[in-house]
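Dropping start.cif in here (mmCIF, C-alpha atoms and all ligand atoms):
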```
data_query
#
loop_
_atom_site.group_PDB
_atom_site.id
_atom_site.type_symbol
_atom_site.label_atom_id
_atom_site.label_comp_id
_atom_site.auth_asym_id
_atom_site.auth_seq_id
_atom_site.Cartn_x
_atom_site.Cartn_y
_atom_site.Cartn_z
ATOM 1 C CA MET Q 1 218.810 -130.476 50.316
ATOM 2 C CA THR Q 2 220.614 -128.823 47.418
ATOM 3 C CA GLU Q 3 223.903 -127.105 48.283
ATOM 4 C CA LEU Q 4 224.802 -123.867 46.525
ATOM 5 C CA LEU Q 5 228.435 -123.761 45.384
ATOM 6 C CA ASN Q 6 229.061 -120.121 46.189
ATOM 7 C CA GLY Q 7 231.798 -118.795 43.900
ATOM 8 C CA LYS Q 8 231.875 -115.386 45.524
ATOM 9 C CA GLU Q 9 232.517 -116.868 48.971
ATOM 10 C CA PHE Q 10 235.100 -119.301 47.639
ATOM 11 C CA ALA Q 11 236.912 -116.501 45.795
ATOM 12 C CA LYS Q 12 237.012 -114.522 49.062
ATOM 13 C CA PHE Q 13 238.415 -117.532 50.945
ATOM 14 C CA HIS Q 14 240.993 -118.290 48.252
ATOM 15 C CA GLY Q 15 241.891 -114.583 48.052
ATOM 16 C CA GLN Q 16 243.323 -114.782 51.583
ATOM 17 C CA HIS Q 17 245.898 -117.368 50.440
ATOM 18 C CA LEU Q 18 246.701 -115.280 47.398
ATOM 19 C CA GLN Q 19 247.115 -112.188 49.551
ATOM 20 C CA ALA Q 20 249.559 -114.045 51.818
ATOM 21 C CA GLU Q 21 251.608 -115.117 48.783
ATOM 22 C CA ILE Q 22 251.666 -111.573 47.410
ATOM 23 C CA ASP Q 23 252.754 -110.192 50.786
ATOM 24 C CA GLN Q 24 255.577 -112.757 50.921
ATOM 25 C CA LEU Q 25 256.747 -111.749 47.447
ATOM 26 C CA LYS Q 26 256.634 -108.067 48.383
ATOM 27 C CA GLU Q 27 258.751 -108.733 51.467
ATOM 28 C CA LYS Q 28 261.370 -110.062 49.052
ATOM 29 C CA GLY Q 29 261.112 -106.913 46.915
ATOM 30 C CA ILE Q 30 259.052 -108.624 44.184
ATOM 31 C CA PHE Q 31 255.978 -106.721 42.980
ATOM 32 C CA PRO Q 32 253.763 -108.777 40.613
ATOM 33 C CA HIS Q 33 252.777 -106.756 37.571
ATOM 34 C CA PHE Q 34 250.528 -107.770 34.705
ATOM 35 C CA CYS Q 35 248.928 -106.288 31.600
ATOM 36 C CA VAL Q 36 245.498 -106.730 30.071
ATOM 37 C CA ILE Q 37 245.042 -105.915 26.396
ATOM 38 C CA ASN Q 38 241.431 -105.257 25.456
ATOM 39 C CA ILE Q 39 240.752 -104.749 21.761
ATOM 40 C CA GLY Q 40 237.448 -103.228 20.663
ATOM 41 C CA ASP Q 41 234.311 -102.194 22.508
ATOM 42 C CA ASP Q 42 232.569 -105.393 23.613
ATOM 43 C CA PRO Q 43 230.436 -104.187 26.570
ATOM 44 C CA ALA Q 44 230.812 -107.411 28.582
ATOM 45 C CA SER Q 45 234.606 -107.304 28.149
ATOM 46 C CA ALA Q 46 234.637 -103.753 29.476
ATOM 47 C CA VAL Q 47 232.860 -105.002 32.633
ATOM 48 C CA TYR Q 48 235.285 -107.914 33.048
ATOM 49 C CA VAL Q 49 238.359 -105.737 32.564
ATOM 50 C CA ARG Q 50 237.066 -103.371 35.263
ATOM 51 C CA THR Q 51 236.406 -106.350 37.569
ATOM 52 C CA LYS Q 52 240.001 -107.522 37.112
ATOM 53 C CA LYS Q 53 241.309 -104.018 37.751
ATOM 54 C CA ARG Q 54 239.376 -103.824 41.041
ATOM 55 C CA LYS Q 55 240.547 -107.266 42.125
ATOM 56 C CA ALA Q 56 244.191 -106.526 41.257
ATOM 57 C CA GLU Q 57 244.035 -103.227 43.169
ATOM 58 C CA LYS Q 58 242.542 -104.987 46.204
ATOM 59 C CA LEU Q 59 245.347 -107.555 46.215
ATOM 60 C CA GLY Q 60 248.062 -104.985 45.527
ATOM 61 C CA ILE Q 61 249.008 -106.393 42.128
ATOM 62 C CA GLN Q 62 250.208 -103.766 39.659
ATOM 63 C CA GLN Q 63 248.204 -103.702 36.465
ATOM 64 C CA ASP Q 64 248.249 -101.857 33.151
ATOM 65 C CA ILE Q 65 245.227 -101.924 30.858
ATOM 66 C CA PHE Q 66 245.796 -101.315 27.157
ATOM 67 C CA GLN Q 67 242.499 -100.359 25.541
ATOM 68 C CA LEU Q 68 242.917 -100.609 21.748
ATOM 69 C CA PRO Q 69 240.385 -99.640 19.060
ATOM 70 C CA SER Q 70 238.487 -102.351 17.101
ATOM 71 C CA SER Q 71 240.425 -101.290 13.982
ATOM 72 C CA THR Q 72 243.742 -102.431 15.550
ATOM 73 C CA THR Q 73 245.777 -104.488 13.069
ATOM 74 C CA GLU Q 74 247.540 -107.741 13.789
ATOM 75 C CA ALA Q 75 250.901 -105.968 13.358
ATOM 76 C CA GLU Q 76 249.921 -103.377 15.987
ATOM 77 C CA VAL Q 77 248.877 -106.000 18.562
ATOM 78 C CA PHE Q 78 252.020 -108.005 17.860
ATOM 79 C CA ALA Q 79 254.173 -104.894 18.375
ATOM 80 C CA LEU Q 80 252.544 -104.251 21.767
ATOM 81 C CA ILE Q 81 252.831 -107.892 22.863
ATOM 82 C CA ASP Q 82 256.493 -108.007 21.754
ATOM 83 C CA ARG Q 83 257.230 -104.903 23.809
ATOM 84 C CA LEU Q 84 255.557 -106.389 26.910
ATOM 85 C CA ASN Q 85 257.274 -109.751 26.369
ATOM 86 C CA GLN Q 86 260.634 -107.983 26.465
ATOM 87 C CA ASP Q 87 259.875 -105.782 29.471
ATOM 88 C CA PRO Q 88 261.432 -107.422 32.574
ATOM 89 C CA GLU Q 89 259.063 -105.444 34.833
ATOM 90 C CA ILE Q 90 256.024 -107.270 33.368
ATOM 91 C CA ASN Q 91 255.293 -110.723 34.788
ATOM 92 C CA GLY Q 92 252.034 -111.550 33.046
ATOM 93 C CA ILE Q 93 250.109 -110.648 29.894
ATOM 94 C CA MET Q 94 246.547 -111.459 28.856
ATOM 95 C CA VAL Q 95 244.474 -110.495 25.846
ATOM 96 C CA GLN Q 96 240.785 -110.193 26.648
ATOM 97 C CA LEU Q 97 238.490 -112.493 24.648
ATOM 98 C CA PRO Q 98 236.577 -112.206 22.401
ATOM 99 C CA MET Q 99 238.646 -110.061 20.059
ATOM 100 C CA PRO Q 100 237.413 -108.406 16.840
ATOM 101 C CA LYS Q 101 236.649 -110.837 13.979
ATOM 102 C CA HIS Q 102 239.497 -109.664 11.701
ATOM 103 C CA LEU Q 103 242.059 -110.883 14.263
ATOM 104 C CA ASP Q 104 242.954 -114.564 14.633
ATOM 105 C CA PRO Q 105 242.798 -115.236 18.414
ATOM 106 C CA GLU Q 106 245.099 -118.254 18.227
ATOM 107 C CA LYS Q 107 247.787 -116.265 16.406
ATOM 108 C CA VAL Q 108 247.463 -113.273 18.723
ATOM 109 C CA LEU Q 109 247.553 -115.388 21.906
ATOM 110 C CA ASP Q 110 250.502 -117.361 20.587
ATOM 111 C CA ARG Q 111 252.543 -114.174 20.322
ATOM 112 C CA ILE Q 112 252.633 -113.996 24.140
ATOM 113 C CA ASP Q 113 255.785 -115.381 25.754
ATOM 114 C CA PRO Q 114 254.604 -118.699 27.325
ATOM 115 C CA GLU Q 115 256.408 -117.667 30.528
ATOM 116 C CA LYS Q 116 254.125 -114.593 30.747
ATOM 117 C CA ASP Q 117 250.942 -116.271 29.483
ATOM 118 C CA VAL Q 118 248.467 -115.704 32.368
ATOM 119 C CA ASP Q 119 245.629 -117.464 30.519
ATOM 120 C CA GLY Q 120 247.691 -120.553 29.679
ATOM 121 C CA LEU Q 121 246.401 -120.345 26.106
ATOM 122 C CA THR Q 122 249.623 -120.246 24.063
ATOM 123 C CA SER Q 123 250.182 -123.444 22.085
ATOM 124 C CA THR Q 124 253.205 -124.231 24.280
ATOM 125 C CA ASN Q 125 251.145 -124.020 27.469
ATOM 126 C CA VAL Q 126 248.195 -125.927 25.968
ATOM 127 C CA GLY Q 127 250.664 -128.701 25.037
ATOM 128 C CA ARG Q 128 252.068 -128.658 28.570
ATOM 129 C CA LEU Q 129 248.531 -128.893 29.977
ATOM 130 C CA TRP Q 130 247.773 -132.067 28.026
ATOM 131 C CA GLN Q 131 251.196 -133.536 28.851
ATOM 132 C CA GLY Q 132 250.702 -132.895 32.552
ATOM 133 C CA SER Q 133 253.739 -130.583 32.779
ATOM 134 C CA HIS Q 134 251.817 -127.301 33.109
ATOM 135 C CA PHE Q 135 252.629 -124.414 35.415
ATOM 136 C CA VAL Q 136 249.682 -122.149 34.505
ATOM 137 C CA GLU Q 137 246.163 -123.165 33.485
ATOM 138 C CA PRO Q 138 243.186 -121.357 31.924
ATOM 139 C CA ALA Q 139 241.567 -119.622 34.900
ATOM 140 C CA THR Q 140 237.971 -120.824 34.608
ATOM 141 C CA ALA Q 141 239.034 -124.455 34.321
ATOM 142 C CA ALA Q 142 241.528 -124.199 37.207
ATOM 143 C CA GLY Q 143 238.892 -122.426 39.310
ATOM 144 C CA ILE Q 144 236.254 -125.103 38.706
ATOM 145 C CA ILE Q 145 238.615 -127.873 39.857
ATOM 146 C CA ALA Q 146 239.546 -125.856 42.963
ATOM 147 C CA LEU Q 147 235.870 -125.119 43.732
ATOM 148 C CA LEU Q 148 234.940 -128.807 43.490
ATOM 149 C CA LYS Q 149 237.815 -129.765 45.798
ATOM 150 C CA HIS Q 150 236.899 -126.994 48.241
ATOM 151 C CA TYR Q 151 233.371 -128.393 48.536
ATOM 152 C CA GLY Q 152 234.686 -131.954 48.917
ATOM 153 C CA VAL Q 153 233.530 -133.231 45.501
ATOM 154 C CA GLU Q 154 235.633 -136.262 44.578
ATOM 155 C CA LEU Q 155 236.554 -136.536 40.884
ATOM 156 C CA THR Q 156 238.307 -139.914 40.778
ATOM 157 C CA GLY Q 157 236.203 -142.410 38.826
ATOM 158 C CA LYS Q 158 233.361 -139.922 38.298
ATOM 159 C CA ASN Q 159 231.577 -139.379 34.996
ATOM 160 C CA CYS Q 160 232.181 -135.753 34.085
ATOM 161 C CA VAL Q 161 230.271 -134.352 31.127
ATOM 162 C CA ILE Q 162 231.226 -130.950 29.726
ATOM 163 C CA ILE Q 163 228.922 -129.220 27.241
ATOM 164 C CA GLY Q 164 231.071 -126.885 25.108
ATOM 165 C CA ARG Q 165 234.442 -127.437 23.435
ATOM 166 C CA SER Q 166 236.022 -123.977 23.633
ATOM 167 C CA ASN Q 167 239.778 -123.546 24.011
ATOM 168 C CA ILE Q 168 239.200 -121.350 27.047
ATOM 169 C CA VAL Q 169 236.864 -123.610 29.095
ATOM 170 C CA GLY Q 170 235.727 -126.982 27.685
ATOM 171 C CA LYS Q 171 239.026 -128.381 26.438
ATOM 172 C CA PRO Q 172 241.289 -127.290 29.337
ATOM 173 C CA LEU Q 173 238.691 -128.400 31.885
ATOM 174 C CA ALA Q 174 238.616 -131.841 30.238
ATOM 175 C CA ALA Q 175 242.414 -132.050 30.565
ATOM 176 C CA LEU Q 176 242.322 -131.080 34.256
ATOM 177 C CA MET Q 177 239.449 -133.452 35.041
ATOM 178 C CA LEU Q 178 241.335 -136.302 33.340
ATOM 179 C CA GLU Q 179 244.330 -135.465 35.506
ATOM 180 C CA GLU Q 180 242.020 -135.939 38.515
ATOM 181 C CA ASN Q 181 241.170 -139.440 37.246
ATOM 182 C CA ALA Q 182 237.645 -138.642 36.096
ATOM 183 C CA THR Q 183 236.060 -140.148 32.982
ATOM 184 C CA VAL Q 184 235.395 -137.159 30.761
ATOM 185 C CA SER Q 185 233.062 -136.536 27.810
ATOM 186 C CA ILE Q 186 232.931 -133.299 25.852
ATOM 187 C CA LEU Q 187 229.610 -132.618 24.104
ATOM 188 C CA HIS Q 188 229.099 -129.932 21.471
ATOM 189 C CA SER Q 189 226.712 -128.537 18.879
ATOM 190 C CA LYS Q 190 226.998 -131.643 16.655
ATOM 191 C CA THR Q 191 226.512 -134.177 19.473
ATOM 192 C CA GLN Q 192 223.474 -136.408 18.834
ATOM 193 C CA ASN Q 193 220.927 -136.856 21.604
ATOM 194 C CA LEU Q 194 222.673 -134.717 24.169
ATOM 195 C CA ALA Q 195 220.347 -135.661 27.046
ATOM 196 C CA ARG Q 196 221.259 -139.363 26.751
ATOM 197 C CA LEU Q 197 224.836 -138.398 27.677
ATOM 198 C CA THR Q 198 224.181 -135.582 30.153
ATOM 199 C CA LYS Q 199 222.006 -137.992 32.171
ATOM 200 C CA THR Q 200 225.112 -140.113 32.828
ATOM 201 C CA ALA Q 201 226.924 -137.173 34.433
ATOM 202 C CA ASP Q 202 227.898 -137.242 38.096
ATOM 203 C CA ILE Q 203 229.346 -133.813 37.387
ATOM 204 C CA LEU Q 204 227.781 -131.783 34.582
ATOM 205 C CA VAL Q 205 229.424 -128.592 33.321
ATOM 206 C CA SER Q 206 227.662 -126.293 30.881
ATOM 207 C CA ALA Q 207 229.729 -123.736 28.929
ATOM 208 C CA VAL Q 208 227.384 -123.076 26.020
ATOM 209 C CA GLY Q 209 226.330 -119.439 26.370
ATOM 210 C CA GLN Q 210 222.606 -120.075 25.899
ATOM 211 C CA ALA Q 211 220.090 -119.249 28.607
ATOM 212 C CA GLY Q 212 217.935 -122.198 29.723
ATOM 213 C CA PHE Q 213 219.962 -124.709 27.665
ATOM 214 C CA VAL Q 214 220.201 -127.321 30.450
ATOM 215 C CA THR Q 215 216.756 -128.487 31.548
ATOM 216 C CA LYS Q 216 215.570 -130.977 34.189
ATOM 217 C CA ASP Q 217 215.176 -133.830 31.690
ATOM 218 C CA MET Q 218 218.963 -133.695 31.062
ATOM 219 C CA ILE Q 219 219.966 -134.291 34.689
ATOM 220 C CA LYS Q 220 220.910 -137.384 36.669
ATOM 221 C CA PRO Q 221 219.308 -136.894 40.109
ATOM 222 C CA GLY Q 222 221.949 -136.074 42.734
ATOM 223 C CA ALA Q 223 224.439 -134.698 40.190
ATOM 224 C CA VAL Q 224 226.766 -131.723 40.738
ATOM 225 C CA VAL Q 225 226.030 -128.972 38.197
ATOM 226 C CA ILE Q 226 228.514 -126.259 37.221
ATOM 227 C CA ASP Q 227 227.092 -123.406 35.171
ATOM 228 C CA VAL Q 228 229.743 -121.443 33.246
ATOM 229 C CA GLY Q 229 227.250 -119.546 31.066
ATOM 230 C CA ILE Q 230 226.729 -115.821 31.539
ATOM 231 C CA ASN Q 231 223.736 -114.651 29.503
ATOM 232 C CA ARG Q 232 221.755 -111.427 29.661
ATOM 233 C CA VAL Q 233 217.996 -111.899 29.389
ATOM 234 C CA ASP Q 234 215.778 -108.812 29.731
ATOM 235 C CA GLY Q 235 218.589 -107.019 31.524
ATOM 236 C CA LYS Q 236 219.072 -109.902 33.965
ATOM 237 C CA LEU Q 237 222.143 -112.161 34.238
ATOM 238 C CA VAL Q 238 221.380 -115.886 33.936
ATOM 239 C CA GLY Q 239 223.415 -119.011 33.290
ATOM 240 C CA ASP Q 240 222.917 -121.882 30.836
ATOM 241 C CA VAL Q 241 221.024 -123.938 33.384
ATOM 242 C CA ALA Q 242 217.279 -123.519 33.977
ATOM 243 C CA PHE Q 243 218.090 -123.018 37.658
ATOM 244 C CA ASP Q 244 214.585 -123.148 39.159
ATOM 245 C CA GLU Q 245 213.687 -126.515 37.645
ATOM 246 C CA VAL Q 246 217.157 -128.122 37.859
ATOM 247 C CA SER Q 247 218.272 -127.117 41.364
ATOM 248 C CA PRO Q 248 215.684 -129.237 43.284
ATOM 249 C CA LEU Q 249 217.014 -132.370 41.541
ATOM 250 C CA VAL Q 250 220.729 -131.959 42.170
ATOM 251 C CA LYS Q 251 223.155 -132.316 45.066
ATOM 252 C CA MET Q 252 225.130 -129.139 44.334
ATOM 253 C CA ILE Q 253 224.847 -126.311 41.833
ATOM 254 C CA THR Q 254 226.596 -122.997 41.060
ATOM 255 C CA PRO Q 255 224.480 -119.831 40.777
ATOM 256 C CA VAL Q 256 224.758 -117.148 38.088
ATOM 257 C CA PRO Q 257 225.786 -114.488 38.976
ATOM 258 C CA GLY Q 258 228.097 -115.266 41.884
ATOM 259 C CA GLY Q 259 229.285 -118.684 40.693
ATOM 260 C CA ILE Q 260 232.074 -119.285 38.208
ATOM 261 C CA GLY Q 261 232.539 -115.607 37.135
ATOM 262 C CA PRO Q 262 234.167 -114.396 40.376
ATOM 263 C CA ILE Q 263 236.283 -117.564 40.516
ATOM 264 C CA THR Q 264 237.633 -116.855 37.021
ATOM 265 C CA VAL Q 265 238.924 -113.458 38.133
ATOM 266 C CA GLU Q 266 240.436 -114.974 41.270
ATOM 267 C CA PHE Q 267 242.307 -117.636 39.296
ATOM 268 C CA LEU Q 268 243.547 -115.135 36.721
ATOM 269 C CA MET Q 269 245.215 -113.385 39.655
ATOM 270 C CA GLU Q 270 246.599 -116.714 40.818
ATOM 271 C CA GLY Q 271 248.040 -117.165 37.321
ATOM 272 C CA VAL Q 272 249.870 -113.841 37.662
ATOM 273 C CA ILE Q 273 251.330 -114.932 41.018
ATOM 274 C CA LYS Q 274 252.376 -118.359 39.707
ATOM 275 C CA LEU Q 275 254.184 -116.779 36.748
ATOM 276 C CA THR Q 276 255.852 -114.159 38.955
ATOM 277 C CA ARG Q 277 257.122 -116.804 41.375
ATOM 278 C CA ARG Q 278 258.411 -118.926 38.517
ATOM 279 C CA GLN Q 279 260.215 -115.988 36.925
ATOM 280 C CA TYR Q 280 261.989 -115.286 40.216
ATOM 281 C CA GLY Q 281 262.552 -118.982 41.033
ATOM 282 C CA ARG Q 282 260.379 -118.695 44.205
HETATM 283 N N1 LIG M 301 241.633 -113.715 28.083
HETATM 284 C C1 LIG M 301 240.494 -114.085 28.685
HETATM 285 N N2 LIG M 301 239.316 -113.651 28.189
HETATM 286 C C2 LIG M 301 238.157 -114.052 28.799
HETATM 287 C C3 LIG M 301 238.186 -114.865 29.972
HETATM 288 C C4 LIG M 301 239.439 -115.311 30.439
HETATM 289 O O1 LIG M 301 239.544 -116.094 31.430
HETATM 290 N N3 LIG M 301 240.570 -114.889 29.797
HETATM 291 N N4 LIG M 301 237.009 -115.184 30.637
HETATM 292 C C5 LIG M 301 235.795 -114.502 30.284
HETATM 293 C C6 LIG M 301 235.624 -113.151 30.896
HETATM 294 N N5 LIG M 301 236.087 -112.974 32.277
HETATM 295 C C7 LIG M 301 237.400 -112.734 32.504
HETATM 296 O O2 LIG M 301 238.166 -112.346 31.662
HETATM 297 C C8 LIG M 301 235.136 -112.850 33.336
HETATM 298 C C9 LIG M 301 233.901 -113.444 33.267
HETATM 299 C C10 LIG M 301 232.972 -113.257 34.301
HETATM 300 C C11 LIG M 301 233.267 -112.479 35.386
HETATM 301 C C12 LIG M 301 232.298 -112.214 36.488
HETATM 302 O O3 LIG M 301 232.694 -111.784 37.544
HETATM 303 N N6 LIG M 301 231.005 -112.430 36.265
HETATM 304 C C13 LIG M 301 229.996 -112.095 37.227
HETATM 305 C C14 LIG M 301 228.945 -111.243 36.538
HETATM 306 C C15 LIG M 301 229.514 -109.929 36.090
HETATM 307 C C16 LIG M 301 228.574 -109.158 35.153
HETATM 308 O O4 LIG M 301 228.551 -109.481 33.946
HETATM 309 O O5 LIG M 301 227.906 -108.257 35.619
HETATM 310 C C17 LIG M 301 229.344 -113.366 37.772
HETATM 311 O O6 LIG M 301 229.265 -114.359 37.032
HETATM 312 O O7 LIG M 301 228.921 -113.332 38.914
HETATM 313 C C18 LIG M 301 234.499 -111.869 35.441
HETATM 314 C C19 LIG M 301 235.422 -112.068 34.432
HETATM 315 C C20 LIG M 301 235.752 -114.264 28.770
HETATM 316 N N7 LIG M 301 236.963 -113.671 28.309
#
```
Just give me the structure as structure tokens.
Ligand SMILES: Nc1nc2c(c(=O)[nH]1)N[C@@H](CN(C=O)c1ccc(C(=O)N[C@@H](CCC(=O)O)C(=O)O)cc1)CN2
Amino acid sequence: MTELLNGKEFAKFHGQHLQAEIDQLKEKGIFPHFCVINIGDDPASAVYVRTKKRKAEKLGIQQDIFQLPSSTTEAEVFALIDRLNQDPEINGIMVQLPMPKHLDPEKVLDRIDPEKDVDGLTSTNVGRLWQGSHFVEPATAAGIIALLKHYGVELTGKNCVIIGRSNIVGKPLAALMLEENATVSILHSKTQNLARLTKTADILVSAVGQAGFVTKDMIKPGAVVIDVGINRVDGKLVGDVAFDEVSPLVKMITPVPGGIGPITVEFLMEGVIKLTRRQYGR
């Protein structure tokens, strides 16, 4: 029987721990406060920023959203980030991705003070991640590891195959899976004969952004499948995995919606708490 890895439920469960941590901080007079910078008018980003706002409000985390026009220059974003970096009231900063094409995401993200980098995407924090000395991790990757542990999926010695080499999901997830003693492969658009490799996966993660990309002929029976894709097809949200044909073959699988998306928001909030605690030495 296939088990559904329910991200919504897990986020709710994890949220209780987060709430307890926030309450403890508040008792000590510490009120976590973070900022989201959203540049441009990407419709999906607008949804995600609203989701974060709702989640932060529910947990009692203070949040400011800076909505900037698509014409925003690099100098203007830098000026805003510099101001937030210097503001002692602000514990965390994140810039919503994707950003308009004329901006270089690596340069913009790197302007954030690593101590306030909720996404863990500054070059300093990426270096720390690969060295094993990290204190904040990209939320989707951290959430996937926590979800697997929550459902009792052992990573030590397992073959983990990740499709997608993005800085935000594929690469950090590979680092965290390695830390859990898994054997990790990252596949991408230039990988030859993808199915030959995906069929070796005990744990298969797809972060491609293409509906129906992972089909039943790419699966090792009994695998655990994590679908990070969020694609809109005829007004419906679907993942990368052809769910109906893949799910009967596997041991566990995440749904879309209600899988990795809600966990990402949850772990962004955890990032804010981790940074706040660190800043106050708690
Ligand atoms: N700076 C960042 N930018 C982006 C990140 C990130 O972690 N940091 N991740 C994604 C967007 N994202 C959060 O920012 C996010 C993605 C998905 C969801 C979510 O709840 N999805 C729901 C469906 C919601 C819908 O589209 O209707 C689900 O999967 O069930 C929330 C946040 C890219 N950018």
Taking all atoms of ligand LIG 301 (chain M) that the file lists and extending 4 Å past them on each side, where is the centre of the axis-aligned box and how long are its edges? Answer in Å to one decimal, as lines of an AutoDock Vina configuration file.
```
center_x = 234.8
center_y = -112.2
center_z = 33.5
size_x = 21.7
size_y = 15.8
size_z = 18.8
```
Practice task
Throw together the list of residues within 9 Å of ligand LIG 301 (chain M), counting all atoms listed in the file, and drop it here as a PyMOL selection string.
Solution key: chain Q and resi 7-8+36-38+44-45+47-52+94-99+109+118-119+121+138-141+168-169+228-232+237-239+255-268
Handout entry: For CA of Phe213 (chain Q) and CA of Val241 (chain Q), the interatomic separation in Å (one decimal)
Key = 5.9 Å
Handout entry: Atom-to-atom span, CA of Met252 (chain Q) and CA of Gly222 (chain Q), Å
Key =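 According to the coordinates, CA of Met252 (chain Q) and CA of Gly222 (chain Q) are separated by 7.8 Å.
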Exercise for the section: Could you tell me which of Q:Arg278, Q:His14, Q:Lys107, Q:Lys199 comes closest to Ala146 (chain Q) if we count only C-alpha atoms? Expected result: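 Answer, going by the shortest atom-to-atom distance: Q:His14.
For the file at hand, the PyMOL selection byres (((chain Q and resi 248) around 12) and not hetatm) resolves to Q:Met1, Q:Thr2, Q:Glu3, Q:Leu4, Q:Thr215, Q:Lys216, Q:Ile219, Q:Lys220, Q:Pro221, Q:Gly222, Q:Ala223, Q:Val224, Q:Val225, Q:Ala242, Q:Phe243, Q:Asp244, Q:Glu245, Q:Val246, Q:Ser247, Q:Leu249, Q:Val250, Q:Lys251, Q:Met252, Q:Ile253.
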Problem - For Ile93 (chain Q): contacts at 6 Å, only C-alpha atoms, fewer than 5 positions along chain excluded, given as a ChimeraX atom specification - result: /Q:34-35,116-118
Please identify every residue of region 76-114 of chain Q that has at least one atom no farther than 12 Å from an atom of region 57-62 of chain Q, counting all atoms listed in the file, and for each give the shortest atom pair and the distance in Å to one decimal, arranged by chain then increasing number, as CSV.
```
residue,atom,partner,partner_atom,distance
Q:Glu89,CA,Q:Gln62,CA,10.2
Q:Ile90,CA,Q:Gln62,CA,9.3
Q:Asn91,CA,Q:Gln62,CA,9.9
Q:Gly92,CA,Q:Gln62,CA,10.4
Q:Ile93,CA,Q:Gln62,CA,11.9
```
Completion exercise
Pairwise distance, CA of Ile81 (chain Q) with CA of Asp113 (chain Q), equals 8.6 Å
Problem - Closest of Q:Pro69, Q:Gly157, Q:Gly209, Q:Gly15 to Val184 (chain Q) - atom-to-atom distances counting all atoms listed in the file - result: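 Selected residue with least distance to Val184 (chain Q): Q:Gly157.
When only C-alpha atoms are used to measure the gap to Asp82 (chain Q), the shortest distance among Q:Asp110, Q:Asp227, Q:Asp64, Q:Asp202 belongs to Q:Asp110.
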Problem - Selected residue of minimal separation from Arg111 (chain Q) among Q:Leu84, Q:Leu197, Q:Leu18, Q:Val161, counting all atoms listed in the file - result: Q:Leu84
Practice task
Would you please work out which residue, of Q:Pro88, Q:Pro172, Q:Gly152, Q:Gly235, is nearest to Val126 (chain Q) when using all atoms listed in the file?
Solution key: Q:Pro172
Exercise for the section: Would you list the contacts of region 185-192 of chain Q as a PyMOL selection string, taking every protein, DNA or RNA residue within 12 Å and counting all atoms listed in the file, but skipping same-chain residues closer than 3 positions in sequence? Expected result: chain Q and resi 158-166+169-175+177-178+182+195-210+213
Kindly complete region 11-22 of chain Q to N, CA and C atoms; the output should be written as a PDB file, in the coordinates of the input.
```pdb
ATOM      1  N   ALA Q  11     235.882-117.435  46.290  1.00  0.00           N
ATOM      2  CA  ALA Q  11     236.912-116.501  45.795  1.00  0.00           C
ATOM      3  C   ALA Q  11     237.456-115.685  46.968  1.00  0.00           C
ATOM      4  N   LYS Q  12     236.579-115.299  47.889  1.00  0.00           N
ATOM      5  CA  LYS Q  12     237.012-114.522  49.062  1.00  0.00           C
ATOM      6  C   LYS Q  12     237.985-115.351  49.914  1.00  0.00           C
ATOM      7  N   PHE Q  13     237.600-116.614  50.149  1.00  0.00           N
ATOM      8  CA  PHE Q  13     238.415-117.532  50.945  1.00  0.00           C
ATOM      9  C   PHE Q  13     239.786-117.747  50.287  1.00  0.00           C
ATOM     10  N   HIS Q  14     239.754-118.037  48.990  1.00  0.00           N
ATOM     11  CA  HIS Q  14     240.993-118.290  48.252  1.00  0.00           C
ATOM     12  C   HIS Q  14     241.857-117.035  48.188  1.00  0.00           C
ATOM     13  N   GLY Q  15     241.182-115.869  48.128  1.00  0.00           N
ATOM     14  CA  GLY Q  15     241.891-114.583  48.052  1.00  0.00           C
ATOM     15  C   GLY Q  15     242.816-114.365  49.247  1.00  0.00           C
ATOM     16  N   GLN Q  16     242.461-114.949  50.405  1.00  0.00           N
ATOM     17  CA  GLN Q  16     243.323-114.782  51.583  1.00  0.00           C
ATOM     18  C   GLN Q  16     244.680-115.464  51.364  1.00  0.00           C
ATOM     19  N   HIS Q  17     244.637-116.658  50.726  1.00  0.00           N
ATOM     20  CA  HIS Q  17     245.898-117.368  50.440  1.00  0.00           C
ATOM     21  C   HIS Q  17     246.731-116.581  49.437  1.00  0.00           C
ATOM     22  N   LEU Q  18     246.019-116.054  48.441  1.00  0.00           N
ATOM     23  CA  LEU Q  18     246.701-115.280  47.398  1.00  0.00           C
ATOM     24  C   LEU Q  18     247.355-114.043  48.013  1.00  0.00           C
ATOM     25  N   GLN Q  19     246.601-113.401  48.899  1.00  0.00           N
ATOM     26  CA  GLN Q  19     247.115-112.188  49.551  1.00  0.00           C
ATOM     27  C   GLN Q  19     248.393-112.512  50.332  1.00  0.00           C
ATOM     28  N   ALA Q  20     248.377-113.654  51.037  1.00  0.00           N
ATOM     29  CA  ALA Q  20     249.559-114.045  51.818  1.00  0.00           C
ATOM     30  C   ALA Q  20     250.757-114.258  50.897  1.00  0.00           C
ATOM     31  N   GLU Q  21     250.514-114.874  49.738  1.00  0.00           N
ATOM     32  CA  GLU Q  21     251.608-115.117  48.783  1.00  0.00           C
ATOM     33  C   GLU Q  21     252.156-113.800  48.240  1.00  0.00           C
ATOM     34  N   ILE Q  22     251.242-112.872  47.942  1.00  0.00           N
ATOM     35  CA  ILE Q  22     251.666-111.573  47.410  1.00  0.00           C
ATOM     36  C   ILE Q  22     252.493-110.828  48.459  1.00  0.00           C
TER      37      ILE Q  22
END
```
